[in-house]
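Visitor: Pasting entry.cif here (mmCIF, C-alpha atoms):
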data_query
#
loop_
_atom_site.group_PDB
_atom_site.id
_atom_site.type_symbol
_atom_site.label_atom_id
_atom_site.label_comp_id
_atom_site.auth_asym_id
_atom_site.auth_seq_id
_atom_site.Cartn_x
_atom_site.Cartn_y
_atom_site.Cartn_z
ATOM 1 C CA ILE N 1 101.177 137.925 112.711
ATOM 2 C CA PHE N 2 102.975 137.021 109.489
ATOM 3 C CA ALA N 3 101.770 133.398 109.637
ATOM 4 C CA ALA N 4 98.196 134.480 110.336
ATOM 5 C CA ASN N 5 98.150 136.582 107.178
ATOM 6 C CA ARG N 6 99.254 133.814 104.818
ATOM 7 C CA ALA N 7 96.857 132.989 101.999
ATOM 8 C CA THR N 8 95.004 129.690 101.761
ATOM 9 C CA GLY N 9 92.780 128.393 99.019
ATOM 10 C CA HIS N 10 91.031 125.160 98.105
ATOM 11 C CA ILE N 11 88.847 123.982 95.240
ATOM 12 C CA ALA N 12 86.902 120.718 95.156
ATOM 13 C CA LEU N 13 85.182 120.082 91.816
ATOM 14 C CA ALA N 14 83.247 117.003 90.711
ATOM 15 C CA VAL N 15 81.629 116.509 87.307
ATOM 16 C CA ALA N 16 79.418 113.808 85.793
ATOM 17 C CA GLU N 17 78.123 112.825 82.363
ATOM 18 C CA ARG N 18 74.412 113.146 81.634
ATOM 19 C CA VAL N 19 72.835 112.653 78.183
ATOM 20 C CA GLY N 20 76.119 113.108 76.368
ATOM 21 C CA ARG N 21 77.209 116.275 78.186
ATOM 22 C CA THR N 22 79.346 116.945 81.256
ATOM 23 C CA HIS N 23 77.750 118.762 84.190
ATOM 24 C CA ARG N 24 78.942 119.993 87.569
ATOM 25 C CA THR N 25 77.825 117.930 90.549
ATOM 26 C CA ARG N 26 79.934 119.620 93.226
ATOM 27 C CA VAL N 27 81.731 122.958 93.372
ATOM 28 C CA GLN N 28 83.439 124.004 96.598
ATOM 29 C CA GLU N 29 85.612 127.119 96.869
ATOM 30 C CA ASP N 30 87.541 128.247 99.930
ATOM 31 C CA GLY N 31 89.936 131.122 100.480
ATOM 32 C CA SER N 32 91.452 132.893 97.499
ATOM 33 C CA LEU N 33 90.842 130.211 94.851
ATOM 34 C CA ARG N 34 87.832 130.372 92.547
ATOM 35 C CA VAL N 35 86.722 128.296 89.560
ATOM 36 C CA ARG N 36 84.724 129.602 86.615
ATOM 37 C CA PHE N 37 83.049 127.812 83.706
ATOM 38 C CA PRO N 38 83.227 129.581 80.299
ATOM 39 C CA ASN N 39 81.471 126.659 78.557
ATOM 40 C CA ALA N 40 83.621 127.080 75.465
ATOM 41 C CA ALA N 41 83.644 123.368 74.592
ATOM 42 C CA ALA N 42 80.711 121.396 73.209
ATOM 43 C CA GLU N 43 80.566 118.049 74.990
ATOM 44 C CA ALA N 44 83.316 118.736 77.538
ATOM 45 C CA LEU N 45 83.009 121.117 80.473
ATOM 46 C CA GLU N 46 85.692 123.791 80.788
ATOM 47 C CA ALA N 47 86.882 124.906 84.234
ATOM 48 C CA VAL N 48 89.197 127.889 84.754
ATOM 49 C CA ILE N 49 90.894 128.396 88.118
ATOM 50 C CA VAL N 50 91.447 131.950 89.359
ATOM 51 C CA ASN N 51 93.760 132.940 92.216
ATOM 52 C CA THR N 52 92.246 136.173 93.503
ATOM 53 C CA GLY N 53 95.398 136.826 95.538
ATOM 54 C CA GLY N 54 97.428 137.309 92.362
ATOM 55 C CA GLY N 55 100.171 134.842 93.280
ATOM 56 C CA MET N 56 101.729 132.844 96.118
ATOM 57 C CA THR N 57 104.508 133.434 98.603
ATOM 58 C CA GLY N 58 106.113 131.654 101.551
ATOM 59 C CA GLY N 59 103.584 130.069 103.895
ATOM 60 C CA ASP N 60 100.671 130.112 101.435
ATOM 61 C CA ARG N 61 98.808 126.793 101.062
ATOM 62 C CA PHE N 62 96.646 125.983 98.038
ATOM 63 C CA GLY N 63 94.903 122.757 97.040
ATOM 64 C CA VAL N 64 92.893 121.573 94.027
ATOM 65 C CA GLU N 65 90.788 118.399 93.904
ATOM 66 C CA MET N 66 89.005 117.338 90.728
ATOM 67 C CA THR N 67 86.858 114.243 90.226
ATOM 68 C CA VAL N 68 85.749 113.343 86.698
ATOM 69 C CA GLY N 69 82.879 110.869 86.791
ATOM 70 C CA ALA N 70 82.392 107.900 84.460
ATOM 71 C CA GLY N 71 82.142 108.975 80.823
ATOM 72 C CA ALA N 72 82.544 112.676 81.614
ATOM 73 C CA SER N 73 84.974 115.054 79.912
ATOM 74 C CA LEU N 74 86.669 117.999 81.618
ATOM 75 C CA ILE N 75 89.154 120.616 80.383
ATOM 76 C CA ALA N 76 90.766 122.393 83.327
ATOM 77 C CA GLY N 77 93.298 125.202 83.439
ATOM 78 C CA THR N 78 94.122 128.574 84.967
ATOM 79 C CA ALA N 79 93.242 132.125 83.989
ATOM 80 C CA ALA N 80 96.852 133.299 84.257
ATOM 81 C CA ALA N 81 100.356 132.114 85.027
ATOM 82 C CA GLU N 82 100.841 131.333 88.729
ATOM 83 C CA LYS N 83 103.537 133.572 90.219
ATOM 84 C CA ILE N 84 105.550 132.369 93.213
ATOM 85 C CA TYR N 85 107.110 135.341 94.962
ATOM 86 C CA ARG N 86 110.080 135.667 97.321
ATOM 87 C CA SER N 87 109.746 133.941 100.676
ATOM 88 C CA THR N 88 111.130 135.073 104.022
ATOM 89 C CA GLY N 89 111.637 131.420 104.985
ATOM 90 C CA PRO N 90 108.645 129.063 104.774
ATOM 91 C CA ASP N 91 107.603 127.183 101.625
ATOM 92 C CA ALA N 92 104.540 127.925 99.528
ATOM 93 C CA GLN N 93 102.640 124.628 99.283
ATOM 94 C CA MET N 94 100.488 123.413 96.398
ATOM 95 C CA THR N 95 98.668 120.062 96.186
ATOM 96 C CA VAL N 96 96.748 118.774 93.156
ATOM 97 C CA ALA N 97 94.610 115.610 93.283
ATOM 98 C CA LEU N 98 92.947 114.409 90.065
ATOM 99 C CA ASP N 99 90.606 111.385 89.954
ATOM 100 C CA ILE N 100 89.415 110.195 86.526
ATOM 101 C CA ALA N 101 86.776 107.440 86.473
ATOM 102 C CA ALA N 102 86.000 104.764 83.871
ATOM 103 C CA GLY N 103 85.716 106.106 80.335
ATOM 104 C CA ALA N 104 86.305 109.683 81.517
ATOM 105 C CA ARG N 105 88.653 112.242 79.958
ATOM 106 C CA LEU N 106 90.606 115.033 81.612
ATOM 107 C CA ALA N 107 92.822 117.688 80.066
ATOM 108 C CA TRP N 108 94.817 119.383 82.847
ATOM 109 C CA LEU N 109 96.361 122.430 81.131
ATOM 110 C CA PRO N 110 97.264 125.209 83.569
ATOM 111 C CA GLN N 111 99.366 128.140 82.421
ATOM 112 C CA GLU N 112 102.992 128.164 83.507
ATOM 113 C CA THR N 113 104.275 128.595 87.053
ATOM 114 C CA ILE N 114 106.801 131.455 87.330
ATOM 115 C CA LEU N 115 109.313 131.369 90.177
ATOM 116 C CA PHE N 116 110.850 134.639 91.340
ATOM 117 C CA ASP N 117 114.235 134.924 93.024
ATOM 118 C CA ARG N 118 114.256 133.373 96.521
ATOM 119 C CA ALA N 119 110.831 131.827 96.008
ATOM 120 C CA ARG N 120 110.200 128.517 97.753
ATOM 121 C CA LEU N 121 107.585 126.146 96.290
ATOM 122 C CA SER N 122 106.748 122.611 97.372
ATOM 123 C CA ARG N 123 104.215 120.942 95.073
ATOM 124 C CA ARG N 124 102.591 117.515 95.019
ATOM 125 C CA ILE N 125 100.503 116.146 92.138
ATOM 126 C CA ASP N 126 98.563 112.874 92.561
ATOM 127 C CA ILE N 127 96.552 111.411 89.672
ATOM 128 C CA ASP N 128 94.307 108.324 89.851
ATOM 129 C CA LEU N 129 93.085 106.838 86.567
ATOM 130 C CA ALA N 130 90.547 104.093 85.972
ATOM 131 C CA GLY N 131 91.616 101.384 83.530
ATOM 132 C CA ASP N 132 90.191 103.051 80.415
ATOM 133 C CA ALA N 133 90.310 106.705 81.540
ATOM 134 C CA SER N 134 92.215 109.255 79.439
ATOM 135 C CA LEU N 135 94.522 112.045 80.557
ATOM 136 C CA VAL N 136 96.456 114.870 78.921
ATOM 137 C CA ALA N 137 98.419 116.908 81.458
ATOM 138 C CA ALA N 138 100.987 119.655 80.932
ATOM 139 C CA GLU N 139 102.764 121.603 83.665
ATOM 140 C CA ALA N 140 105.421 124.195 82.806
ATOM 141 C CA VAL N 141 107.795 125.942 85.231
ATOM 142 C CA VAL N 142 109.826 129.083 84.472
ATOM 143 C CA PHE N 143 112.738 130.110 86.690
ATOM 144 C CA GLY N 144 112.658 133.916 86.473
ATOM 145 C CA ARG N 145 111.328 136.267 83.793
ATOM 146 C CA ALA N 146 114.185 136.773 81.339
ATOM 147 C CA ALA N 147 112.270 139.398 79.338
ATOM 148 C CA MET N 148 112.051 141.523 82.491
ATOM 149 C CA GLY N 149 115.733 141.088 83.289
ATOM 150 C CA GLU N 150 114.885 138.871 86.264
ATOM 151 C CA ALA N 151 116.582 135.625 87.261
ATOM 152 C CA MET N 152 115.914 133.075 89.966
ATOM 153 C CA GLU N 153 119.326 132.799 91.587
ATOM 154 C CA GLN N 154 118.331 131.201 94.888
ATOM 155 C CA GLY N 155 115.299 129.380 96.232
ATOM 156 C CA LEU N 156 113.527 126.032 96.341
ATOM 157 C CA PHE N 157 111.497 124.060 93.830
ATOM 158 C CA ALA N 158 110.374 120.634 95.042
ATOM 159 C CA ASP N 159 107.945 118.767 92.775
ATOM 160 C CA ARG N 160 106.494 115.281 93.346
ATOM 161 C CA TRP N 161 104.310 113.399 90.818
ATOM 162 C CA ARG N 162 102.481 110.096 91.326
ATOM 163 C CA VAL N 163 100.156 108.571 88.702
ATOM 164 C CA ARG N 164 98.195 105.369 89.308
ATOM 165 C CA ARG N 165 96.138 103.285 86.871
ATOM 166 C CA ASP N 166 93.560 101.066 88.618
ATOM 167 C CA GLY N 167 95.488 101.619 91.827
ATOM 168 C CA ARG N 168 98.845 100.512 90.356
ATOM 169 C CA LEU N 169 101.681 103.017 90.255
ATOM 170 C CA VAL N 170 102.557 103.685 86.581
ATOM 171 C CA PHE N 171 104.500 106.942 86.805
ATOM 172 C CA ALA N 172 106.574 108.500 89.560
ATOM 173 C CA ASP N 173 108.754 111.548 89.211
ATOM 174 C CA GLY N 174 110.359 114.051 91.507
ATOM 175 C CA ILE N 175 112.707 117.000 91.359
ATOM 176 C CA ARG N 176 114.281 119.070 94.099
ATOM 177 C CA LEU N 177 116.283 122.192 93.354
ATOM 178 C CA ASP N 178 117.391 123.865 96.576
ATOM 179 C CA GLY N 179 119.818 126.709 97.097
ATOM 180 C CA ALA N 180 121.769 128.055 94.106
ATOM 181 C CA ILE N 181 119.186 127.135 91.463
ATOM 182 C CA ALA N 182 120.636 129.264 88.648
ATOM 183 C CA GLN N 183 124.034 127.666 89.157
ATOM 184 C CA THR N 184 122.523 124.178 89.081
ATOM 185 C CA LEU N 185 120.511 124.888 85.917
ATOM 186 C CA GLY N 186 123.686 126.163 84.275
ATOM 187 C CA HIS N 187 125.293 122.720 84.373
ATOM 188 C CA LYS N 188 125.212 120.765 81.112
ATOM 189 C CA ALA N 189 123.855 117.698 82.882
ATOM 190 C CA ALA N 190 120.980 119.753 84.289
ATOM 191 C CA ALA N 191 119.527 122.377 81.935
ATOM 192 C CA ALA N 192 122.626 123.764 80.170
ATOM 193 C CA GLY N 193 121.608 127.285 81.128
ATOM 194 C CA CYS N 194 117.945 127.034 80.117
ATOM 195 C CA ILE N 195 115.385 128.460 82.546
ATOM 196 C CA ALA N 196 112.155 126.631 81.663
ATOM 197 C CA MET N 197 110.983 123.036 81.939
ATOM 198 C CA ALA N 198 107.733 121.156 81.445
ATOM 199 C CA THR N 199 106.153 117.813 82.211
ATOM 200 C CA VAL N 200 103.711 116.450 79.618
ATOM 201 C CA LEU N 201 101.730 113.290 80.337
ATOM 202 C CA ILE N 202 99.462 111.494 77.854
ATOM 203 C CA ALA N 203 97.630 108.404 79.009
ATOM 204 C CA PRO N 204 97.133 106.147 77.224
ATOM 205 C CA GLY N 205 100.077 107.133 75.029
ATOM 206 C CA THR N 206 101.713 105.639 71.955
ATOM 207 C CA GLU N 207 105.257 105.626 70.619
ATOM 208 C CA GLY N 208 104.075 107.630 67.634
ATOM 209 C CA GLN N 209 103.123 110.600 69.827
ATOM 210 C CA PHE N 210 106.717 111.290 70.920
ATOM 211 C CA ASP N 211 107.634 113.287 67.798
ATOM 212 C CA ALA N 212 104.533 115.471 68.084
ATOM 213 C CA VAL N 213 105.196 116.191 71.759
ATOM 214 C CA ARG N 214 108.840 117.071 71.115
ATOM 215 C CA ALA N 215 107.862 119.346 68.212
#
In structure tokens, what does this structure look like?
Guide:
Amino acid sequence: IFAANRATGHIALAVAERVGRTHRTRVQEDGSLRVRFPNAAAEALEAVIVNTGGGMTGGDRFGVEMTVGAGASLIAGTAAAEKIYRSTGPDAQMTVALDIAAGARLAWLPQETILFDRARLSRRIDIDLAGDASLVAAEAVVFGRAAMGEAMEQGLFADRWRVRRDGRLVFADGIRLDGAIAQTLGHKAAAAGCIAMATVLIAPGTEGQFDAVRA
């Protein structure tokens, strides 16, 4: 009964460039994920993902697929921080697949993911870039809400990134924190007691952008 009541959600979005503007060519929504289009940008299309379930917990499975056609420009994010709640055992699973075609631009800028104590999240992010495609991606993770007096003492965070340019692997990263997460983050060689981390990818990037990113 518990497994049958787990949440699932999937979004498949494709956009294309026509006469200097980006338009939707495919929008598919399943389960508790929705995507809305505020049209705040001029040439780019803006897509905002909404989780109508209000968060994720153990056994939930969500997936996002986005395809940005040649010359198109897409800004994608989320309406709110994604909250990963306590699990009774199974992992919450999230997959993100981003495909950016020739001359296309994607800004993947979701709000932060917040992990509660004893949450279990397994996430996979796969990005395929054409040779001259552009990407700005930022993913932040917070281990507990310090302002609310909450800490993530135990749980799982497993994150796997793969980025390919013209089919060639150019970036691979992975992290797995399992068990006593707060204790691990307290080590100087890990996070020295800090409870937030982020991955920022800019492609193509230059040496001169490092200072701006760090600031």
Visitor: Output, as JSON, the centre and edge lengths in Å (one decimal) of the axis-aligned box that contains all listed atoms of range 155-158 of chain N with 3 Å of margin on each side.
Guide:
{"center_x": 112.8, "center_y": 125.0, "center_z": 95.1, "size_x": 10.9, "size_y": 14.7, "size_z": 8.5}
Visitor: Rounded to one decimal, what separation in Å do you get between CA of Ser134 in chain N and CA of Arg18 in chain N?
Guide: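 Interatomic distance, CA of Ser134 in chain N to CA of Arg18 in chain N: 18.4 Å.
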Visitor: Using Å and a single decimal, report how far CA of Val163 in chain N sits from CA of Leu74 in chain N.
Guide: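 Separation between CA of Leu74 in chain N and CA of Val163 in chain N: 17.9 Å.
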Visitor: Identify all residues satisfying the PyMOL selection byres ((chain N and resi 39) around 12) in the given file; provide them as a list of chain:residue names.
Guide: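 Those residues are N:Arg21, N:Thr22, N:His23, N:Arg24, N:Arg36, N:Phe37, N:Pro38, N:Ala40, N:Ala41, N:Ala42, N:Glu43, N:Ala44, N:Leu45, N:Glu46, N:Ala47, N:Val48, N:Leu74, N:Ile75, N:Ala76.
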Visitor: Considering all atoms listed in the file, give me a table of residues in range 113-205 of chain N that are at most 9 Å from range 82-85 of chain N, with the closest atom pair and distance in Å for each, as a Markdown table.
Guide:
| residue | atom | partner | partner_atom | distance |
| --- | --- | --- | --- | --- |
| N:Thr113 | CA | N:Glu82 | CA | 4.7 |
| N:Ile114 | CA | N:Lys83 | CA | 4.8 |
| N:Leu115 | CA | N:Ile84 | CA | 4.9 |
| N:Phe116 | CA | N:Tyr85 | CA | 5.3 |
| N:Asp117 | CA | N:Tyr85 | CA | 7.4 |
| N:Arg118 | CA | N:Tyr85 | CA | 7.6 |
| N:Ala119 | CA | N:Tyr85 | CA | 5.2 |
| N:Arg120 | CA | N:Ile84 | CA | 7.6 |
| N:Leu121 | CA | N:Ile84 | CA | 7.2 |
Visitor: Which residue is closest to Thr88 in chain N? Choose from N:Leu201, N:Asp60, N:Phe143, N:Ala158 and count all atoms listed in the file.
Guide: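 Of the candidates, the smallest distance to Thr88 in chain N is held by N:Asp60.
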